[in-house]
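Asks: Supplied structure: model38.cif, mmCIF, C-alpha atoms and all ligand atoms.
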```
data_query
#
loop_
_atom_site.label_atom_id
_atom_site.label_comp_id
_atom_site.auth_asym_id
_atom_site.auth_seq_id
_atom_site.Cartn_x
_atom_site.Cartn_y
_atom_site.Cartn_z
CA MET M 235 -175.95 -96.16 69.81
CA ILE M 236 -174.26 -97.55 72.91
CA TYR M 237 -170.61 -98.31 72.30
CA LEU M 238 -169.20 -100.94 74.64
CA ASP M 239 -166.39 -102.30 72.47
CA ASN M 240 -163.59 -100.11 73.77
CA ALA M 241 -161.07 -102.94 73.89
CA ALA M 242 -161.39 -103.11 70.08
CA THR M 243 -160.96 -99.38 69.62
CA THR M 244 -161.94 -96.08 71.24
CA ALA M 245 -163.33 -92.79 69.97
CA PRO M 246 -160.58 -90.23 69.42
CA ASN M 247 -160.53 -87.18 71.69
CA GLU M 248 -161.50 -83.96 69.97
CA ASP M 249 -158.19 -82.24 70.80
CA VAL M 250 -156.31 -85.22 69.35
CA LEU M 251 -158.11 -84.75 66.05
CA GLN M 252 -157.45 -81.01 66.16
CA ALA M 253 -153.77 -81.51 66.95
CA TYR M 254 -153.45 -83.92 64.03
CA LEU M 255 -155.18 -81.57 61.63
CA GLN M 256 -153.24 -78.52 62.77
CA ALA M 257 -149.89 -80.26 62.62
CA ASN M 258 -150.69 -81.41 59.07
CA GLN M 259 -151.32 -77.79 58.16
CA SER M 260 -148.53 -76.07 60.03
CA VAL M 261 -145.69 -78.59 60.36
CA TYR M 262 -146.14 -81.02 57.50
CA TYR M 263 -142.37 -80.94 56.88
CA ASN M 264 -140.08 -83.91 56.74
CA PRO M 265 -137.96 -84.06 59.91
CA ASN M 266 -135.13 -85.45 57.77
CA SER M 267 -134.97 -82.40 55.50
CA PRO M 268 -131.91 -80.27 56.15
CA HIS M 269 -133.72 -76.91 55.70
CA LYS M 270 -135.12 -74.72 58.46
CA ALA M 271 -138.64 -76.18 58.22
CA GLY M 272 -137.21 -79.71 58.38
CA LEU M 273 -135.18 -78.79 61.45
CA GLN M 274 -138.29 -77.40 63.10
CA ALA M 275 -140.06 -80.71 62.41
CA ALA M 276 -137.07 -82.67 63.75
CA GLN M 277 -137.20 -80.59 66.93
CA LEU M 278 -140.92 -81.27 67.34
CA LEU M 279 -140.26 -84.98 66.84
CA GLU M 280 -137.68 -84.97 69.62
CA GLN M 281 -140.01 -82.92 71.80
CA SER M 282 -142.79 -85.49 71.28
CA LYS M 283 -140.44 -88.24 72.38
CA SER M 284 -139.33 -86.42 75.48
CA GLN M 285 -142.98 -85.74 76.37
CA ILE M 286 -143.75 -89.46 76.10
CA ASN M 287 -140.75 -90.15 78.28
CA GLN M 288 -142.14 -87.79 80.92
CA ILE M 289 -145.77 -88.89 80.69
CA LEU M 290 -144.87 -92.56 81.08
CA ASN M 291 -142.14 -91.92 83.67
CA LEU M 292 -139.58 -93.74 81.58
CA ASN M 293 -136.56 -91.93 83.13
CA ASP M 294 -134.80 -91.87 79.75
CA GLU M 295 -134.37 -95.63 79.96
CA PHE M 296 -136.08 -96.32 76.64
CA ASP M 297 -135.77 -95.08 73.10
CA ILE M 298 -139.12 -94.33 71.54
CA ILE M 299 -139.99 -95.39 68.00
CA PHE M 300 -143.24 -94.24 66.42
CA THR M 301 -145.00 -97.01 64.52
CA SER M 302 -148.29 -97.60 62.71
CA GLY M 303 -149.72 -99.45 65.71
CA ALA M 304 -149.01 -102.27 68.08
CA THR M 305 -149.12 -104.92 65.36
CA GLU M 306 -146.09 -103.26 63.80
CA SER M 307 -144.46 -102.70 67.21
CA ASN M 308 -144.87 -106.36 68.12
CA ASN M 309 -143.48 -107.50 64.75
CA MET M 310 -140.56 -105.10 65.02
CA ALA M 311 -139.63 -106.09 68.56
CA LEU M 312 -140.15 -109.83 68.34
CA LYS M 313 -138.45 -110.37 64.99
CA GLY M 314 -135.83 -107.71 65.67
CA LEU M 315 -134.82 -109.19 69.03
CA ALA M 316 -135.13 -112.83 67.96
CA TYR M 317 -132.96 -112.44 64.83
CA ARG M 318 -130.11 -111.20 67.01
CA LYS M 319 -130.40 -114.35 69.11
CA LYS M 320 -130.81 -116.92 66.36
CA ASP M 321 -127.42 -118.57 66.87
CA SER M 322 -126.87 -118.14 70.61
CA ALA M 323 -130.37 -118.51 72.11
CA PRO M 324 -132.98 -119.69 69.58
CA VAL M 325 -135.78 -120.57 72.02
CA ILE M 326 -138.80 -118.26 72.31
CA ILE M 327 -141.35 -118.53 75.12
CA THR M 328 -144.87 -117.22 74.69
CA SER M 329 -148.40 -118.23 75.75
CA LEU M 330 -151.84 -118.54 74.19
CA LEU M 331 -152.87 -115.44 76.13
CA GLU M 332 -151.07 -113.26 73.63
CA HIS M 333 -152.69 -111.24 70.85
CA PRO M 334 -152.44 -112.62 67.27
CA SER M 335 -149.91 -109.88 66.47
CA VAL M 336 -147.57 -111.68 68.87
CA LEU M 337 -148.66 -115.28 68.39
CA GLU M 338 -148.57 -115.25 64.60
CA VAL M 339 -145.13 -113.60 64.59
CA VAL M 340 -143.80 -116.21 66.99
CA ARG M 341 -145.37 -118.98 64.90
CA ALA M 342 -143.68 -117.56 61.81
CA LEU M 343 -140.35 -117.45 63.67
CA GLY M 344 -140.94 -121.11 64.52
CA GLY M 345 -140.99 -121.76 60.76
CA GLU M 346 -137.65 -119.94 60.44
CA GLY M 347 -135.77 -122.30 62.73
CA PHE M 348 -136.57 -120.92 66.19
CA THR M 349 -138.01 -123.26 68.82
CA VAL M 350 -141.27 -121.94 70.28
CA LYS M 351 -142.42 -123.05 73.73
CA TYR M 352 -145.84 -122.24 75.12
CA CYS M 353 -146.15 -121.43 78.78
CA ASN M 354 -149.30 -122.76 80.45
CA VAL M 355 -152.09 -120.47 81.54
CA THR M 356 -153.76 -120.76 84.95
CA ARG M 357 -157.52 -121.00 85.41
CA GLU M 358 -157.42 -117.35 86.46
CA GLY M 359 -156.11 -116.45 83.00
CA ARG M 360 -152.57 -115.67 84.12
CA LEU M 361 -149.25 -116.95 82.88
CA ASP M 362 -148.27 -119.98 84.96
CA ILE M 363 -145.10 -118.80 86.70
CA GLU M 364 -143.99 -122.26 87.86
CA HIS M 365 -144.31 -123.60 84.33
CA LEU M 366 -142.37 -120.61 83.00
CA LYS M 367 -139.53 -121.38 85.44
CA SER M 368 -139.41 -124.96 84.16
CA LEU M 369 -139.21 -123.76 80.53
CA MET M 370 -136.34 -121.33 81.09
CA SER M 371 -132.80 -122.28 80.04
CA SER M 372 -129.68 -120.63 78.65
CA GLU M 373 -131.11 -121.36 75.18
CA VAL M 374 -133.98 -118.91 75.69
CA GLY M 375 -133.45 -115.63 73.81
CA LEU M 376 -136.92 -114.14 74.07
CA VAL M 377 -139.90 -114.26 76.40
CA THR M 378 -143.10 -112.42 75.61
CA CYS M 379 -145.80 -111.56 78.16
CA MET M 380 -148.59 -109.04 77.70
CA GLN M 381 -149.44 -106.74 80.63
CA VAL M 382 -153.23 -106.96 80.38
CA ASN M 383 -155.10 -109.52 78.30
CA ASN M 384 -157.50 -108.17 75.68
CA ILE M 385 -160.11 -110.93 75.92
CA MET M 386 -160.43 -111.28 79.68
CA GLY M 387 -158.88 -108.11 81.01
CA GLN M 388 -156.68 -110.19 83.27
CA ARG M 389 -153.45 -108.57 84.49
CA GLN M 390 -150.33 -110.60 83.89
CA PRO M 391 -147.50 -111.10 86.38
CA VAL M 392 -144.99 -109.04 84.34
CA ARG M 393 -142.84 -108.22 87.38
CA GLU M 394 -142.46 -111.86 88.36
CA VAL M 395 -141.75 -112.82 84.76
CA ALA M 396 -139.09 -110.09 84.58
CA GLU M 397 -137.41 -111.41 87.74
CA ILE M 398 -137.27 -114.91 86.29
CA VAL M 399 -135.98 -113.71 82.92
CA ALA M 400 -133.31 -111.57 84.64
CA ALA M 401 -131.54 -114.73 85.81
CA TYR M 402 -130.89 -115.61 82.14
CA PRO M 403 -128.63 -112.94 80.65
CA LYS M 404 -129.29 -113.98 77.05
CA ALA M 405 -133.07 -113.68 77.38
CA PHE M 406 -135.03 -110.52 76.52
CA LEU M 407 -138.54 -109.80 77.80
CA HIS M 408 -141.04 -108.16 75.45
CA VAL M 409 -144.31 -106.76 76.82
CA ASP M 410 -147.44 -105.98 74.80
CA ALA M 411 -148.90 -103.19 76.94
CA VAL M 412 -151.72 -102.25 74.56
CA GLN M 413 -154.58 -102.90 76.99
CA ALA M 414 -152.68 -101.50 79.97
CA VAL M 415 -151.66 -98.00 78.86
CA GLY M 416 -153.88 -95.31 80.34
CA LYS M 417 -155.59 -97.83 82.62
CA VAL M 418 -152.86 -99.11 84.94
CA PRO M 419 -149.24 -98.00 85.46
CA LEU M 420 -146.85 -99.38 82.86
CA GLU M 421 -144.54 -102.19 84.00
CA THR M 422 -141.02 -101.39 82.80
CA GLU M 423 -138.61 -103.00 85.29
CA GLY M 424 -136.51 -105.68 83.58
CA VAL M 425 -138.43 -105.25 80.32
CA GLU M 426 -136.51 -104.83 77.05
CA SER M 427 -139.32 -103.66 74.78
CA ILE M 428 -142.94 -102.49 75.07
CA SER M 429 -145.70 -102.14 72.46
CA VAL M 430 -148.34 -99.41 72.67
CA SER M 431 -151.34 -98.64 70.43
CA GLY M 432 -152.81 -95.12 70.21
CA HIS M 433 -156.35 -96.04 69.19
CA LYS M 434 -156.93 -97.91 72.46
CA PHE M 435 -156.63 -94.69 74.48
CA ASN M 436 -158.64 -92.17 72.48
CA GLY M 437 -155.91 -91.60 69.91
CA LEU M 438 -156.11 -92.33 66.20
CA LYS M 439 -156.06 -95.61 64.35
CA GLY M 440 -152.74 -96.44 62.74
CA GLN M 441 -150.53 -95.00 65.46
CA GLY M 442 -148.39 -96.81 67.97
CA LEU M 443 -145.13 -96.86 69.86
CA LEU M 444 -142.31 -99.24 70.42
CA LEU M 445 -140.31 -98.51 73.55
CA ILE M 446 -136.92 -100.15 73.38
CA ARG M 447 -134.36 -100.22 76.17
CA ASN M 448 -131.35 -100.81 73.93
CA LYS M 449 -131.95 -100.06 70.29
CA HIS M 450 -128.76 -101.92 69.34
CA HIS M 451 -130.45 -105.13 70.42
CA LEU M 452 -132.89 -104.86 67.53
CA GLU M 453 -132.28 -105.97 63.99
CA PRO M 454 -134.32 -103.75 61.64
CA ILE M 455 -137.15 -105.46 59.81
CA ILE M 456 -137.92 -102.42 57.65
CA GLN M 457 -135.05 -101.21 55.52
CA GLY M 458 -134.87 -97.93 53.67
CA GLY M 459 -133.81 -94.36 54.36
CA GLY M 460 -132.70 -95.09 57.91
CA GLN M 461 -135.23 -93.01 59.87
CA GLU M 462 -135.89 -93.77 63.56
CA TYR M 463 -132.34 -94.97 64.35
CA GLY M 464 -132.37 -97.11 61.19
CA LEU M 465 -135.05 -99.29 62.76
CA ARG M 466 -138.14 -97.94 61.05
CA SER M 467 -137.36 -96.44 57.70
CA GLY M 468 -139.98 -94.30 56.02
CA THR M 469 -140.87 -90.62 56.29
CA VAL M 470 -141.81 -89.86 59.86
CA ASN M 471 -145.49 -89.04 60.37
CA LEU M 472 -144.99 -86.07 62.67
CA PRO M 473 -148.68 -85.02 62.88
CA MET M 474 -149.56 -88.56 64.03
CA ASP M 475 -146.76 -88.45 66.57
CA ILE M 476 -147.95 -85.13 67.96
CA ALA M 477 -151.49 -86.54 68.14
CA ILE M 478 -150.52 -89.68 70.07
CA VAL M 479 -148.74 -87.55 72.68
CA LYS M 480 -151.97 -85.59 73.23
CA ALA M 481 -154.01 -88.78 73.67
CA LEU M 482 -151.44 -90.37 75.95
CA LYS M 483 -151.17 -87.30 78.15
CA ALA M 484 -154.93 -87.00 78.65
CA ASN M 485 -155.29 -90.67 79.48
CA VAL M 486 -152.31 -91.11 81.76
CA GLN M 487 -152.90 -87.86 83.65
CA ASN M 488 -156.51 -88.77 84.38
CA MET M 489 -155.81 -92.46 84.87
CA ASP M 490 -156.75 -92.82 88.54
CA GLU M 491 -159.92 -90.81 88.23
CA ASN M 492 -161.03 -92.71 85.11
CA TYR M 493 -160.15 -96.04 86.66
CA THR M 494 -162.33 -95.38 89.70
CA ARG M 495 -165.23 -94.30 87.52
CA VAL M 496 -164.96 -97.35 85.23
CA GLN M 497 -164.60 -99.58 88.29
CA SER M 498 -167.89 -98.39 89.71
CA LEU M 499 -169.71 -98.83 86.36
CA SER M 500 -168.17 -102.26 85.98
CA ASP M 501 -169.15 -103.31 89.53
CA GLU M 502 -172.67 -102.23 88.78
CA LEU M 503 -172.69 -104.40 85.64
CA ARG M 504 -171.29 -107.39 87.48
CA GLN M 505 -174.00 -107.18 90.12
CA PHE M 506 -176.64 -106.81 87.45
CA ILE M 507 -175.45 -109.81 85.42
CA ALA M 508 -175.29 -111.99 88.55
CA ARG M 509 -179.09 -111.73 88.76
CA TYR M 510 -179.55 -113.71 85.52
CA PRO M 511 -179.54 -117.50 85.94
CA GLY M 512 -177.52 -119.44 83.36
CA VAL M 513 -175.22 -116.51 82.56
CA TYR M 514 -171.61 -116.60 83.79
CA LEU M 515 -168.88 -114.06 84.21
CA ASN M 516 -165.77 -115.53 82.55
CA THR M 517 -163.58 -112.60 83.54
CA PRO M 518 -161.65 -113.74 86.61
CA GLU M 519 -160.88 -111.92 89.85
CA GLY M 520 -158.02 -109.46 89.58
CA ALA M 521 -158.83 -108.31 86.04
CA ILE M 522 -159.05 -104.64 85.11
CA PRO M 523 -162.65 -103.39 85.36
CA HIS M 524 -162.74 -102.24 81.72
CA ILE M 525 -163.31 -105.72 80.25
CA LEU M 526 -166.14 -108.07 81.15
CA ASN M 527 -166.22 -111.42 79.37
CA ILE M 528 -169.62 -113.01 79.80
CA GLY M 529 -170.65 -116.59 78.94
CA PHE M 530 -174.12 -117.67 77.79
CA PRO M 531 -173.66 -121.47 77.50
CA GLY M 532 -175.89 -122.92 74.79
CA VAL M 533 -176.09 -119.70 72.76
CA LYS M 534 -173.64 -118.65 70.03
CA GLY M 535 -171.53 -115.56 70.68
CA GLU M 536 -172.27 -114.17 67.20
CA VAL M 537 -176.01 -114.54 67.79
CA LEU M 538 -175.66 -112.54 71.00
CA VAL M 539 -173.55 -109.84 69.37
CA ASN M 540 -176.18 -109.51 66.62
CA ALA M 541 -179.01 -109.43 69.13
CA PHE M 542 -177.30 -106.67 71.15
CA SER M 543 -176.58 -104.84 67.92
CA GLN M 544 -180.31 -104.93 67.08
CA HIS M 545 -180.88 -103.16 70.40
CA GLY M 546 -178.27 -100.54 69.47
CA VAL M 547 -175.51 -101.92 71.71
CA MET M 548 -172.09 -102.57 70.18
CA ILE M 549 -170.09 -105.36 71.86
CA SER M 550 -167.93 -108.17 70.52
CA THR M 551 -167.53 -111.91 70.81
CA THR M 552 -163.87 -112.44 71.61
CA SER M 553 -161.69 -109.80 70.05
CA ALA M 554 -162.38 -107.81 66.92
CA CYS M 555 -159.27 -109.32 65.29
CA SER M 556 -160.42 -112.91 65.66
CA SER M 557 -164.19 -112.69 66.08
CA LYS M 558 -164.75 -113.24 62.35
CA GLN M 559 -162.93 -116.56 62.60
CA SER M 560 -165.10 -119.43 63.66
CA LYS M 561 -162.58 -121.35 65.77
CA LEU M 562 -162.92 -121.35 69.55
CA ASN M 563 -161.02 -118.62 71.32
CA GLU M 564 -157.56 -119.77 72.36
CA VAL M 565 -157.39 -117.63 75.48
CA LEU M 566 -160.59 -119.09 76.89
CA LEU M 567 -159.49 -122.59 75.88
CA ALA M 568 -156.13 -122.08 77.59
CA MET M 569 -158.03 -121.14 80.77
CA HIS M 570 -159.92 -124.47 80.57
CA ILE M 571 -163.28 -122.74 80.27
CA ASP M 572 -166.06 -125.09 79.23
CA GLU M 573 -166.48 -125.18 75.42
CA THR M 574 -170.18 -124.29 75.42
CA ARG M 575 -169.38 -121.29 77.58
CA ILE M 576 -166.64 -120.25 75.13
CA GLU M 577 -169.00 -120.56 72.17
CA GLY M 578 -171.49 -118.34 73.91
CA SER M 579 -169.09 -115.72 75.18
CA ILE M 580 -169.24 -112.00 74.60
CA ARG M 581 -166.87 -109.21 75.55
CA VAL M 582 -168.27 -105.97 76.92
CA SER M 583 -165.57 -103.33 77.22
CA LEU M 584 -165.85 -99.95 78.90
CA GLY M 585 -163.81 -96.86 78.22
CA ASN M 586 -163.24 -93.35 79.52
CA LYS M 587 -166.22 -92.09 77.55
CA THR M 588 -168.65 -94.71 78.91
CA THR M 589 -171.40 -93.08 80.96
CA GLU M 590 -173.91 -94.19 83.56
CA ALA M 591 -176.62 -93.68 80.90
CA ASP M 592 -174.80 -96.15 78.60
CA ILE M 593 -174.83 -98.72 81.38
CA GLU M 594 -178.53 -98.20 82.00
CA GLN M 595 -179.30 -98.72 78.32
CA PHE M 596 -177.04 -101.75 78.20
CA LYS M 597 -179.01 -103.25 81.09
CA GLU M 598 -182.28 -102.76 79.23
CA ALA M 599 -180.83 -104.39 76.11
CA PHE M 600 -179.35 -107.20 78.20
CA ASP M 601 -182.72 -107.95 79.71
CA SER M 602 -184.39 -108.08 76.27
CA VAL M 603 -181.65 -110.28 74.79
CA TYR M 604 -181.84 -112.57 77.81
CA GLN M 605 -185.58 -113.03 77.31
CA GLU M 606 -184.92 -113.86 73.63
CA VAL M 607 -182.29 -116.53 74.33
CA LYS M 608 -183.11 -117.90 77.79
CA GLU M 609 -184.77 -121.06 76.45
CA LEU M 610 -181.44 -121.97 74.82
CA LEU M 611 -179.32 -121.57 77.95
CA ARG M 612 -177.75 -124.75 79.27
N1 LIG L 1 -152.08 -106.28 71.23
C1 LIG L 1 -153.25 -106.27 71.89
C2 LIG L 1 -153.30 -106.83 73.27
C3 LIG L 1 -154.39 -105.71 71.31
O1 LIG L 1 -155.55 -105.71 71.98
C4 LIG L 1 -154.29 -105.17 69.99
C5 LIG L 1 -155.50 -104.56 69.30
N2 LIG L 1 -156.59 -105.43 69.18
C6 LIG L 1 -153.04 -105.20 69.34
C7 LIG L 1 -151.97 -105.76 70.00
C8 LIG L 1 -152.87 -104.65 67.95
O2 LIG L 1 -152.84 -103.26 67.98
P1 LIG L 1 -153.04 -102.37 66.67
O3 LIG L 1 -154.49 -102.38 66.35
O4 LIG L 1 -152.54 -101.01 67.05
O5 LIG L 1 -152.19 -102.97 65.59
#
```
Would you give me this structure, written as C-alpha cells?
Replies:
Amino acid sequence: MIYLDNAATTAPNEDVLQAYLQANQSVYYNPNSPHKAGLQAAQLLEQSKSQINQILNLNDEFDIIFTSGATESNNMALKGLAYRKKDSAPVIITSLLEHPSVLEVVRALGGEGFTVKYCNVTREGRLDIEHLKSLMSSEVGLVTCMQVNNIMGQRQPVREVAEIVAAYPKAFLHVDAVQAVGKVPLETEGVESISVSGHKFNGLKGQGLLLIRNKHHLEPIIQGGGQEYGLRSGTVNLPMDIAIVKALKANVQNMDENYTRVQSLSDELRQFIARYPGVYLNTPEGAIPHILNIGFPGVKGEVLVNAFSQHGVMISTTSACSSKQSKLNEVLLAMHIDETRIEGSIRVSLGNKTTEADIEQFKEAFDSVYQEVKELLR
C-alpha cells in the first residue's frame, strides 16, 4: 500500500507509541492529585510544556494548553477570544481558505450576534492583503489566518496579516498552524493564539496544542475542575502530552533535512505529471512541497481516488474532512479555479515517511489511471 494522504493524517513514530504506552504504565497519575505521585505527574506536565517552548522557540511568550486536537484548539481560541470582544469589537474576519474547524466556528459565532466578514483569496490561493486592509476597522476583534492551507499547500502571508492587525489594538490574530508545524518555521510575531495537531507530524490522533500569548484574553468554553489555567477542564492526559512532545521534537529537529527530501520527491512528481496532457497542477507557486493538488477536468475526483485506491495508492479528493460531502471545494472556488477542474481534483500529500519507491509506484499507478480516464478529459 502506498500512502500519499499525509495531509489527512500521518503514521505515528514508533518511539511516540512507546512513550505513550510507557507513560500510561509508569506515570498514569493525575497531575492534580496532591500526593507524591500526582506531584510527579504535575512536574512531568510542566516539563512537557517547557520542552515544547524550547522546541518551537517560543521564548516563554506563550502558555501551552494540551487539547484533543486542532479542532478543539480552534474552537477554544476563536470562541474564547471572540466572547471577550462581543461588546467592544464584534467583527470577525476570516476567509474561505480556512479549515472547517475554523469556518464552522466562525459561522456559528455569526449566528450568535457577531458580524463575519470574508477576506478575498487571490488566484495564487493566498489571503488578499489589500482586501484585508479595507475590511479592518476598530470594530474588528478577531482575525483568523492559517499558516499553510491544507488543500493547496499554499503558505499564507501571516507576517503581513500580523502587521496589519497590530494597527488595531482591539483585534486579535489567531493562526491555524496545523499544516505548517514540522514543515516550515512557525510564525509567532504578532499572533495571539496558534493551533497545532499532533497526528499531522507523526504523533497520535486526538492530541493537539493551543498556544496562547495571554491566557486572560480567553473565555473558557469548557467548564469543570479548572485544569489548564481554568481554560480546559478535565483530567490532563499526561501520556498523550509526553507523546506529542516526542513527535514534535523529532519533526522540528529534522525539519530542514525532511523538507529538502520531500522537495526533491515533489519536484520529481511535478515533472512527471507535466508530461500528461489534460492534467493540471492546481497547487500554485510558493506552496510547500508536501501537498500537490492535481486537476483532471472532466473526471470526478471520487472516481480518481477510487481508481488510485484500486492500484493500492491512498490519496484524497479535497480534504478528508470534507471529501465525503458532494459540494465543490470552497478553497478551490475561492481561487477561481474552473469548476470542472475542481470536480476532478485530487490531493496527493507527502510526508516524512514517503520514499523514492513510493513515488515510483505512484507514477506507475498514475499512468494506469490516466489510461483509464483519458477519454473523459476535457
Ligand atoms: N486545521 C487544519 C488546517 C487541518 O488540516 C486539520 C486536520 N484536517 C485541522 C485543523 C483539524 O485538526 P484535528 O484533526 O487535530 O482536529
Asks: For Glu609 in chain M, work out the shell of residues within 12 Å, counting only C-alpha atoms and skipping chain neighbours fewer than 2 positions away, then give it as a list in words.
Replies: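 My list of contacting residues is Pro511, Gly512, Phe530, Pro531, Gly532, Val533, Val603, Tyr604, Gln605, Glu606, Val607, Leu611 and Arg612 of chain M.
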Asks: Counting all atoms listed in the file, which residues of chain M sit at most 10 Å from some atom of ligand LIG 1 (chain L), and what is each one's closest atom pair with its distance in Å to one decimal, listed by chain and rising residue number, as a tab-separated table?
Replies:
```
residue	atom	partner	partner_atom	distance
M:Asn240	CA	L:LIG1	N2	9.9
M:Ala241	CA	L:LIG1	O1	6.5
M:Ala242	CA	L:LIG1	N2	5.4
M:Thr243	CA	L:LIG1	N2	7.5
M:Thr301	CA	L:LIG1	O4	8.9
M:Ser302	CA	L:LIG1	O4	7.0
M:Gly303	CA	L:LIG1	O4	3.5
M:Ala304	CA	L:LIG1	O4	3.9
M:Thr305	CA	L:LIG1	O5	3.6
M:Glu306	CA	L:LIG1	O5	6.4
M:Ser307	CA	L:LIG1	O5	7.9
M:Asn308	CA	L:LIG1	C7	7.4
M:Asn309	CA	L:LIG1	O5	9.9
M:Leu331	CA	L:LIG1	C2	9.1
M:Glu332	CA	L:LIG1	C2	6.8
M:His333	CA	L:LIG1	N1	5.0
M:Pro334	CA	L:LIG1	C7	7.4
M:Ser335	CA	L:LIG1	C7	5.8
M:Val336	CA	L:LIG1	N1	7.4
M:Met380	CA	L:LIG1	C2	6.8
M:Gln381	CA	L:LIG1	C2	8.3
M:Val382	CA	L:LIG1	C2	7.1
M:Asn383	CA	L:LIG1	C2	6.0
M:Asn384	CA	L:LIG1	O1	4.9
M:Ile385	CA	L:LIG1	O1	8.0
M:Gly387	CA	L:LIG1	C2	9.6
M:Val409	CA	L:LIG1	N1	9.6
M:Asp410	CA	L:LIG1	N1	5.9
M:Ala411	CA	L:LIG1	C2	6.8
M:Val412	CA	L:LIG1	C2	5.0
M:Gln413	CA	L:LIG1	C2	5.6
M:Ala414	CA	L:LIG1	C2	8.6
M:Ser429	CA	L:LIG1	C7	7.6
M:Val430	CA	L:LIG1	O4	7.2
M:Ser431	CA	L:LIG1	O4	4.3
M:Gly432	CA	L:LIG1	O4	6.7
M:His433	CA	L:LIG1	O4	6.6
M:Lys434	CA	L:LIG1	C5	7.5
M:Leu438	CA	L:LIG1	O4	9.4
M:Lys439	CA	L:LIG1	O4	7.0
M:Gly440	CA	L:LIG1	O4	6.3
M:Gln441	CA	L:LIG1	O4	6.5
M:Gly442	CA	L:LIG1	O4	6.0
M:Leu443	CA	L:LIG1	O4	8.9
M:Ser553	CA	L:LIG1	N2	6.8
M:Ala554	CA	L:LIG1	N2	6.7
M:Cys555	CA	L:LIG1	N2	6.1
M:Ser556	CA	L:LIG1	N2	9.1
```
Asks: With C-alpha atoms retained, export the selected residues as a CSV table (one decimal), keeping the file's coordinate frame.
Replies:
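Generated output (again12.csv):
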```
chain,number,residue,atom,x,y,z
M,240,ASN,CA,-163.6,-100.1,73.8
M,241,ALA,CA,-161.1,-102.9,73.9
M,242,ALA,CA,-161.4,-103.1,70.1
M,243,THR,CA,-161.0,-99.4,69.6
M,301,THR,CA,-145.0,-97.0,64.5
M,302,SER,CA,-148.3,-97.6,62.7
M,303,GLY,CA,-149.7,-99.4,65.7
M,304,ALA,CA,-149.0,-102.3,68.1
M,305,THR,CA,-149.1,-104.9,65.4
M,306,GLU,CA,-146.1,-103.3,63.8
M,307,SER,CA,-144.5,-102.7,67.2
M,308,ASN,CA,-144.9,-106.4,68.1
M,309,ASN,CA,-143.5,-107.5,64.8
M,331,LEU,CA,-152.9,-115.4,76.1
M,332,GLU,CA,-151.1,-113.3,73.6
M,333,HIS,CA,-152.7,-111.2,70.8
M,334,PRO,CA,-152.4,-112.6,67.3
M,335,SER,CA,-149.9,-109.9,66.5
M,336,VAL,CA,-147.6,-111.7,68.9
M,380,MET,CA,-148.6,-109.0,77.7
M,381,GLN,CA,-149.4,-106.7,80.6
M,382,VAL,CA,-153.2,-107.0,80.4
M,383,ASN,CA,-155.1,-109.5,78.3
M,384,ASN,CA,-157.5,-108.2,75.7
M,385,ILE,CA,-160.1,-110.9,75.9
M,387,GLY,CA,-158.9,-108.1,81.0
M,409,VAL,CA,-144.3,-106.8,76.8
M,410,ASP,CA,-147.4,-106.0,74.8
M,411,ALA,CA,-148.9,-103.2,76.9
M,412,VAL,CA,-151.7,-102.2,74.6
M,413,GLN,CA,-154.6,-102.9,77.0
M,414,ALA,CA,-152.7,-101.5,80.0
M,429,SER,CA,-145.7,-102.1,72.5
M,430,VAL,CA,-148.3,-99.4,72.7
M,431,SER,CA,-151.3,-98.6,70.4
M,432,GLY,CA,-152.8,-95.1,70.2
M,433,HIS,CA,-156.4,-96.0,69.2
M,434,LYS,CA,-156.9,-97.9,72.5
M,438,LEU,CA,-156.1,-92.3,66.2
M,439,LYS,CA,-156.1,-95.6,64.4
M,440,GLY,CA,-152.7,-96.4,62.7
M,441,GLN,CA,-150.5,-95.0,65.5
M,442,GLY,CA,-148.4,-96.8,68.0
M,443,LEU,CA,-145.1,-96.9,69.9
M,553,SER,CA,-161.7,-109.8,70.0
M,554,ALA,CA,-162.4,-107.8,66.9
M,555,CYS,CA,-159.3,-109.3,65.3
M,556,SER,CA,-160.4,-112.9,65.7
```
Asks: For Val539 in chain M, work out the shell of residues within 6 Å, counting all atoms listed in the file and skipping chain neighbours fewer than 3 positions away, then give it as a list of chain:residue names.
Replies: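 After dropping sequence-adjacent residues, the list is M:Glu536, M:Phe542, M:Ser550.
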Asks: Considering all atoms listed in the file, can you say which of M:Glu564, M:Asn436, M:Asn448, M:Glu502 comes closest to Leu337 in chain M?
Replies: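 Nearest candidate to Leu337 in chain M out of M:Glu564, M:Asn436, M:Asn448, M:Glu502: M:Glu564.
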Asks: Just checking: using only C-alpha atoms, which residue out of M:Thr378, M:Asn516, M:Thr574, M:Gln281 ends up closest to Leu472 in chain M?
Replies: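 Smallest separation from Leu472 in chain M among the options: M:Gln281.
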Asks: For Leu499 in chain M, which residue among M:Val355, M:Leu361, M:Ile593, M:Leu515 is the nearest when counting all atoms listed in the file?
Replies: M:Ile593
Asks: By how many Å are CA of Thr469 in chain M and CA of Asn293 in chain M apart?
Replies: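 Result for CA of Thr469 in chain M versus CA of Asn293 in chain M: 27.2 Å, one decimal.
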Asks: Given all atoms listed in the file as the basis, pick out the residue of M:Arg575, M:Lys320, M:Lys480, M:Arg360 nearest to Leu251 in chain M.
Replies: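 Selected residue with least distance to Leu251 in chain M: M:Lys480.
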Asks: Choose the residue, out of M:Ala271, M:Leu315, M:Ala568, M:Ala245, that has the smallest atom-to-atom separation from Glu453 in chain M; count only C-alpha atoms.
Replies: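 Using only C-alpha atoms, Glu453 in chain M sits closest to M:Leu315.
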Asks: Excluding Ser467 in chain M and residues on its chain fewer than 5 positions from it, collect all residues at most 8 Å away from it, counting all atoms listed in the file, and give them as a ChimeraX atom specification.
Replies: /M:456-462
Asks: Kindly give the distance, in Å, that separates CA of Thr356 in chain M and CA of Thr517 in chain M, rounded to a single decimal.
Replies: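 Between CA of Thr356 in chain M and CA of Thr517 in chain M the gap works out to 12.8 Å.
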Asks: Give me, please, the distance in Å between CA of Met310 in chain M and CA of Lys449 in chain M, quoted to one decimal.
Replies: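 According to the coordinates, CA of Met310 in chain M and CA of Lys449 in chain M are separated by 11.3 Å.
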Asks: Could you give me the centre and size, in Å to one decimal, of an axis-aligned box around all listed atoms of range 404-412 of chain M with 5 Å added on every side, as lines of an AutoDock Vina configuration file?
Replies:
```
center_x = -140.5
center_y = -108.1
center_z = 76.2
size_x = 32.4
size_y = 21.7
size_z = 13.2
```
